[in-house]
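S.K.: Let me give you the structure first, and then I'll get to my questions.
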Number of protein chains: 4
Amino acid sequence: MNKTKRSIMEAAIETIMELGFAQASIGQIAKRAGISKGVITYHFPSKDELIDFIVTELYTDGAEFLSQIMQEQTASGMLRSYIESNLAFIRTNPRHVAAVAEIILNMRTEDGKLRYVGLNDDPILVPLIEIIQWGQREGEFREFTDFGAKVLAMTIRGTIDGTASLMMSDPRFDFDLYTAELITLFERATCKMGEGNHKEDK
Amino acid sequence: MNKTKRSIMEAAIETIMELGFAQASIGQIAKRAGISKGVITYHFPSKDELIDFIVTELYTDGAEFLSQIMQEQTASGMLRSYIESNLAFIRTNPRHVAAVAEIILNMRTEDGKLRYVGLNDDPILVPLIEIIQWGQREGEFREFTDFGAKVLAMTIRGTIDGTASLMMSDPRFDFDLYTAELITLFERATCKMGEGNHKEDK
Amino acid sequence: MNKTKRSIMEAAIETIMELGFAQASIGQIAKRAGISKGVITYHFPSKDELIDFIVTELYTDGAEFLSQIMQEQTASGMLRSYIESNLAFIRTNPRHVAAVAEIILNMRTEDGKLRYVGLNDDPILVPLIEIIQWGQREGEFREFTDFGAKVLAMTIRGTIDGTASLMMSDPRFDFDLYTAELITLFERATCKMGEGNHKEDK
Amino acid sequence: MNKTKRSIMEAAIETIMELGFAQASIGQIAKRAGISKGVITYHFPSKDELIDFIVTELYTDGAEFLSQIMQEQTASGMLRSYIESNLAFIRTNPRHVAAVAEIILNMRTEDGKLRYVGLNDDPILVPLIEIIQWGQREGEFREFTDFGAKVLAMTIRGTIDGTASLMMSDPRFDFDLYTAELITLFERATCKMGEGNHKEDK
DNA sequence: AATGAATGAGTATTCATTCAT
DNA sequence: TATGAATGAATACTCATTCAT
């Protein structure tokens, strides 16, 4: 919508990727946007609000993109869909995703505490844990303790969250292959023994 | 050996944990060490050298600690040993490990490039990849493409690397249970179908 | 043109004169300019660039001022003109000249070497040496070895360069008289014996 | 006499020559002397006293060396002797002389004023002025106003004072030739017309 | 005599923010 | 809307000096 705000956001993402969050000063962002510093503080009363805008924008995009996940009939289908759609979203804008990851890991409040909830915090893991527990109840997945389900969920989430920077650091990164490998990996990690997974990874 | 240097290192680790790498200024570190800023620059000519000291010290400790991994007869034993010993090392000094993770993710050179090789860089993954390929050759593990082995290695490494901050953010963190769960998870992810792993994780 | 840059330059000159180059900190300059330190680094990205600006500005002014020297018909006229115009230029802005002399004598690069070519370096002496050699060829001046011409040139240049600080340390300094005395002195030093210089110095 | 003090002085001179006065910190001096900083402050309660020692030592040496100047019968002989002996002294220890010149030009008191009297101050010029006025009274030299005599004295002194750094910046510097050229130059500048100085400087 | 450790004031520079135009 | 100027706090680092050993 607001063209200037978006272009500032793009420049900020570019700057964060290039210099890291801590070095992404308003001056550097303005330089990359080809505007003066004042323009930024005009559109974003404070730097915090610019950062917030970048994060929120990604979450809004993400929520929309990911709203169609939960239409699978089986838990393993759901897990596959979860991984596929998350990675697909990352693929649409890896720079934005990677920048927000940088922000989340580094942005702090005045008293030094992380400003955004960690990537491994419960609310984020809930959907995954629910998939796992559903699969277990249905007999599709192996046994999991509550803690085991959480550990798996964290592993999956952590792997997904690492994808964007992985993708950007390797120009020949094969996204489809990577997705297939991860799905295989986590299907193996969840399935019951003796009951092979017959799916042909796309 | 050198008491002051170690106490400065401890204070630096504490500061990085509390405020994050970017906010861990010499002033803040000195305050936590209960000394004046000058003492730090006396012992470490530049902040970079202090950071380097913190990183190197951990690597030295780690190299010693991990030197006894490779004594298993089977690939799955080796994988288990790899995970166990890495986590055990993290357990000995999670704050130091977490601080170094912060450093590696954030420390940059003047031109904005990451100063330390990323956690997912090949050299770090090599031992893991070799274990996986060995298990596959021996018929212990399932089939892996080269890329598949690398993806698994990255997943394992990423999960291990996330442990320290996980451990510190949760005071009731059950280390043994977490270790067992991860071993189970990755044994499942590697084993052949139909040939269950019968080991009861300790 | 740029008012603030010029006022910063003026304050810097004043500070260098008052405290010396080494003590002329950005803080002191800002204090004398009645502005905050930030203004200086806003207009001059680094202190070196401020210093460079001060030096270059003087050289630009000087080049313009001195461009009309070389219109005399005789070597002794030229020498007189050289001295007169150099001193006249110093008179226009002795503080600036004296400050730049301080800078040239003291400004060093990181490795400790003088940053600006010395006042006695060849390029600066060339015009003077040419005048002397011309006068000798024409039979106006006495005999000079190459080295003798250079020594004389250094003496003349050194005397001229010392004028600004001389002038400023003595409030009753008589500029015209000083100029006349120097011209007499160096005419005597160059002229052939027995052929008096009959000019009445202005 | 005191070996350590002298070696510290030598190191200080070396440091001042290499880095300039402003950068000649106690640390740098200690490094060049191969001792710890503490040794310096042990022997010299403050840096100022070290500097004073360096200056005083040179003046003591100089006073002794120059005490035999005034034994010439004529003013022009005296002038020649003055120049010769001053240059000869500089030749004995050009580094010390150059370092002290650096000190005199840069050392300041707390309030920013030059600590040592300038090189062009009256007391230093008095002997030279007396020689000139004597030569004029005796009819050996040309007419000089009081101010003219002072200007000449300043020129001579300035030229002599510049010799040390000149000498050190040029490894092929020919001291004897330089001395001869200066003597010729200033004899010409003082002599009456028509009464040539017939000496052929070697 | 000599040393290493420690201190605190001072340095240039970076930067988010404010403001007048 | 947009800009350039200005501010003041914070940063890493330097250094003369003090002190215990």
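Chain labels follow the order of the structure tokens: the first chain is A, the next B, and so on; residue numbering restarts at 1 in every chain, and ligands are counted from 1 in their shown order.
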As a count of residues only, please: the residues near stretch 9-11 of chain B (cut-off 8 Å, only C-alpha atoms (C1' of nucleotides), same-chain neighbours under 2 positions excluded).

M.R.: 13

S.K.: With a distance threshold of 12 Å and counting only C-alpha atoms (C1' of nucleotides), extract the residues of chain D near chain E and express them as a list in words.

M.R.: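 Per the criterion, chain D yields Thr4, Ile35, Ser36, Lys37, Gly38, Val39, Ile40, Thr41, Tyr42 and His43 of chain D.
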
S.K.: What is the atom CA of D:Phe173-atom CA of D:Ser81 distance in Å, reported with one decimal?

M.R.: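 Going from atom CA of D:Phe173 over to atom CA of D:Ser81 covers 21.0 Å.
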
S.K.: Hey, which bits of chain F sit within 9 Å of chain C, and for each residue what's the closest pair of atoms and how far apart in Å (one decimal), counting only C-alpha atoms (C1' of nucleotides), rows by chain and increasing number, as CSV?

M.R.:
residue,atom,partner,partner_atom,distance
F:DA5,C1',C:Val39,CA,7.7
F:DA6,C1',C:Val39,CA,5.9
F:DT7,C1',C:Ser36,CA,6.6
F:DG8,C1',C:Gly38,CA,8.0

S.K.: Any chance you can output those residues with N, CA, C and O atoms (P, O5', C5', C4', C3', O3' and C1' of nucleotides) as a JSON list (two decimals), in the first residue's frame?

M.R.:
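Everything below was put into result_19.json:
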[["chain", "number", "residue", "atom", "x", "y", "z"],
["F", 5, "DA", "P", 23.49, 20.22, 5.73],
["F", 5, "DA", "O5'", 23.11, 20.67, 7.21],
["F", 5, "DA", "C5'", 22.26, 21.79, 7.38],
["F", 5, "DA", "C4'", 21.90, 21.93, 8.85],
["F", 5, "DA", "C3'", 23.10, 21.79, 9.79],
["F", 5, "DA", "O3'", 23.07, 22.86, 10.70],
["F", 5, "DA", "C1'", 21.39, 20.26, 10.40],
["F", 6, "DA", "P", 24.24, 23.05, 11.70],
["F", 6, "DA", "O5'", 23.72, 22.32, 13.00],
["F", 6, "DA", "C5'", 22.52, 22.80, 13.61],
["F", 6, "DA", "C4'", 22.14, 21.86, 14.72],
["F", 6, "DA", "C3'", 23.26, 21.55, 15.71],
["F", 6, "DA", "O3'", 22.89, 22.08, 16.98],
["F", 6, "DA", "C1'", 22.07, 19.58, 15.07],
["F", 7, "DT", "P", 23.90, 22.01, 18.16],
["F", 7, "DT", "O5'", 23.40, 20.73, 18.94],
["F", 7, "DT", "C5'", 22.02, 20.65, 19.26],
["F", 7, "DT", "C4'", 21.72, 19.30, 19.88],
["F", 7, "DT", "C3'", 22.73, 18.87, 20.94],
["F", 7, "DT", "O3'", 22.06, 18.81, 22.18],
["F", 7, "DT", "C1'", 22.18, 17.08, 19.47],
["F", 8, "DG", "P", 22.79, 19.09, 23.54],
["F", 8, "DG", "O5'", 22.88, 17.59, 24.07],
["F", 8, "DG", "C5'", 21.71, 16.78, 24.10],
["F", 8, "DG", "C4'", 22.09, 15.34, 24.31],
["F", 8, "DG", "C3'", 23.24, 15.10, 25.28],
["F", 8, "DG", "O3'", 23.03, 13.85, 25.89],
["F", 8, "DG", "C1'", 23.83, 14.22, 23.24]]

S.K.: Can you pull out every residue from chain D that DSSP, working from the backbone, puts in helix (DSSP H, G or I), and format the result as number ranges by chain?

M.R.: D: 3-19, 26-33, 37-43, 47-66, 75-92, 94-106, 122-137, 146-169, 175-190

S.K.: Sorted by chain and rising residue number, which residues of chain C lie within 9 Å of chain D, and what are their closest atom pairs and distances in Å to one decimal, counting only C-alpha atoms, as JSON lines?

M.R.:
{"residue": "C:Glu18", "atom": "CA", "partner": "D:Gly112", "partner_atom": "CA", "distance": 6.4}
{"residue": "C:Leu19", "atom": "CA", "partner": "D:Gly112", "partner_atom": "CA", "distance": 4.4}
{"residue": "C:Gly20", "atom": "CA", "partner": "D:Asn106", "partner_atom": "CA", "distance": 7.0}
{"residue": "C:Phe21", "atom": "CA", "partner": "D:Asn106", "partner_atom": "CA", "distance": 8.3}
{"residue": "C:Ala22", "atom": "CA", "partner": "D:Ala22", "partner_atom": "CA", "distance": 6.0}
{"residue": "C:Gln23", "atom": "CA", "partner": "D:Gly112", "partner_atom": "CA", "distance": 7.8}
{"residue": "C:Asn106", "atom": "CA", "partner": "D:Gly20", "partner_atom": "CA", "distance": 7.1}
{"residue": "C:Met107", "atom": "CA", "partner": "D:Gly20", "partner_atom": "CA", "distance": 8.9}
{"residue": "C:Arg108", "atom": "CA", "partner": "D:Leu19", "partner_atom": "CA", "distance": 7.9}
{"residue": "C:Asp111", "atom": "CA", "partner": "D:Leu19", "partner_atom": "CA", "distance": 7.8}
{"residue": "C:Gly112", "atom": "CA", "partner": "D:Leu19", "partner_atom": "CA", "distance": 4.5}
{"residue": "C:Lys113", "atom": "CA", "partner": "D:Leu19", "partner_atom": "CA", "distance": 6.8}
{"residue": "C:Leu114", "atom": "CA", "partner": "D:Gly20", "partner_atom": "CA", "distance": 8.4}
{"residue": "C:Asn120", "atom": "CA", "partner": "D:Leu166", "partner_atom": "CA", "distance": 8.1}
{"residue": "C:Phe147", "atom": "CA", "partner": "D:Tyr178", "partner_atom": "CA", "distance": 8.0}
{"residue": "C:Gly148", "atom": "CA", "partner": "D:Glu181", "partner_atom": "CA", "distance": 5.7}
{"residue": "C:Val151", "atom": "CA", "partner": "D:Glu181", "partner_atom": "CA", "distance": 7.0}
{"residue": "C:Leu152", "atom": "CA", "partner": "D:Leu185", "partner_atom": "CA", "distance": 7.3}
{"residue": "C:Met154", "atom": "CA", "partner": "D:Thr159", "partner_atom": "CA", "distance": 8.2}
{"residue": "C:Thr155", "atom": "CA", "partner": "D:Thr159", "partner_atom": "CA", "distance": 5.9}
{"residue": "C:Ile156", "atom": "CA", "partner": "D:Thr155", "partner_atom": "CA", "distance": 8.5}
{"residue": "C:Gly158", "atom": "CA", "partner": "D:Thr159", "partner_atom": "CA", "distance": 7.0}
{"residue": "C:Thr159", "atom": "CA", "partner": "D:Thr155", "partner_atom": "CA", "distance": 5.9}
{"residue": "C:Gly162", "atom": "CA", "partner": "D:Gly158", "partner_atom": "CA", "distance": 8.1}
{"residue": "C:Leu166", "atom": "CA", "partner": "D:Asn120", "partner_atom": "CA", "distance": 8.0}
{"residue": "C:Leu177", "atom": "CA", "partner": "D:Phe147", "partner_atom": "CA", "distance": 8.3}
{"residue": "C:Tyr178", "atom": "CA", "partner": "D:Val151", "partner_atom": "CA", "distance": 7.3}
{"residue": "C:Glu181", "atom": "CA", "partner": "D:Gly148", "partner_atom": "CA", "distance": 5.7}
{"residue": "C:Leu182", "atom": "CA", "partner": "D:Val151", "partner_atom": "CA", "distance": 7.3}
{"residue": "C:Thr184", "atom": "CA", "partner": "D:Ala189", "partner_atom": "CA", "distance": 8.3}
{"residue": "C:Leu185", "atom": "CA", "partner": "D:Ala189", "partner_atom": "CA", "distance": 5.5}
{"residue": "C:Phe186", "atom": "CA", "partner": "D:Ala189", "partner_atom": "CA", "distance": 6.8}
{"residue": "C:Glu187", "atom": "CA", "partner": "D:Ala189", "partner_atom": "CA", "distance": 7.8}
{"residue": "C:Arg188", "atom": "CA", "partner": "D:Ala189", "partner_atom": "CA", "distance": 4.9}
{"residue": "C:Ala189", "atom": "CA", "partner": "D:Ala189", "partner_atom": "CA", "distance": 4.6}
{"residue": "C:Thr190", "atom": "CA", "partner": "D:Arg188", "partner_atom": "CA", "distance": 7.6}
{"residue": "C:Cys191", "atom": "CA", "partner": "D:Arg188", "partner_atom": "CA", "distance": 8.3}
{"residue": "C:Met193", "atom": "CA", "partner": "D:Gly194", "partner_atom": "CA", "distance": 5.7}
{"residue": "C:Gly194", "atom": "CA", "partner": "D:Gly194", "partner_atom": "CA", "distance": 3.9}
{"residue": "C:Glu195", "atom": "CA", "partner": "D:Gly194", "partner_atom": "CA", "distance": 7.1}
{"residue": "C:Gly196", "atom": "CA", "partner": "D:Met193", "partner_atom": "CA", "distance": 6.0}
{"residue": "C:Asn197", "atom": "CA", "partner": "D:Met193", "partner_atom": "CA", "distance": 8.8}

S.K.: Would you pick out the contacts of D:Phe175 at 12 Å or less, using only C-alpha atoms (C1' of nucleotides), so that residues sharing its chain but fewer than 6 positions from it are not included, and give the list as a count of residues only?

M.R.: 17

S.K.: Record the distance separating atom CA of D:Pro45 and atom CA of D:Ala99, expressed in Å with one decimal.

M.R.: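 So the answer is 20.8 Å.
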
S.K.: One decimal, in Å: what's the spacing between atom CA of D:Val117 and atom CA of D:Ile103?

M.R.: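 These two atoms are separated by 11.0 Å.
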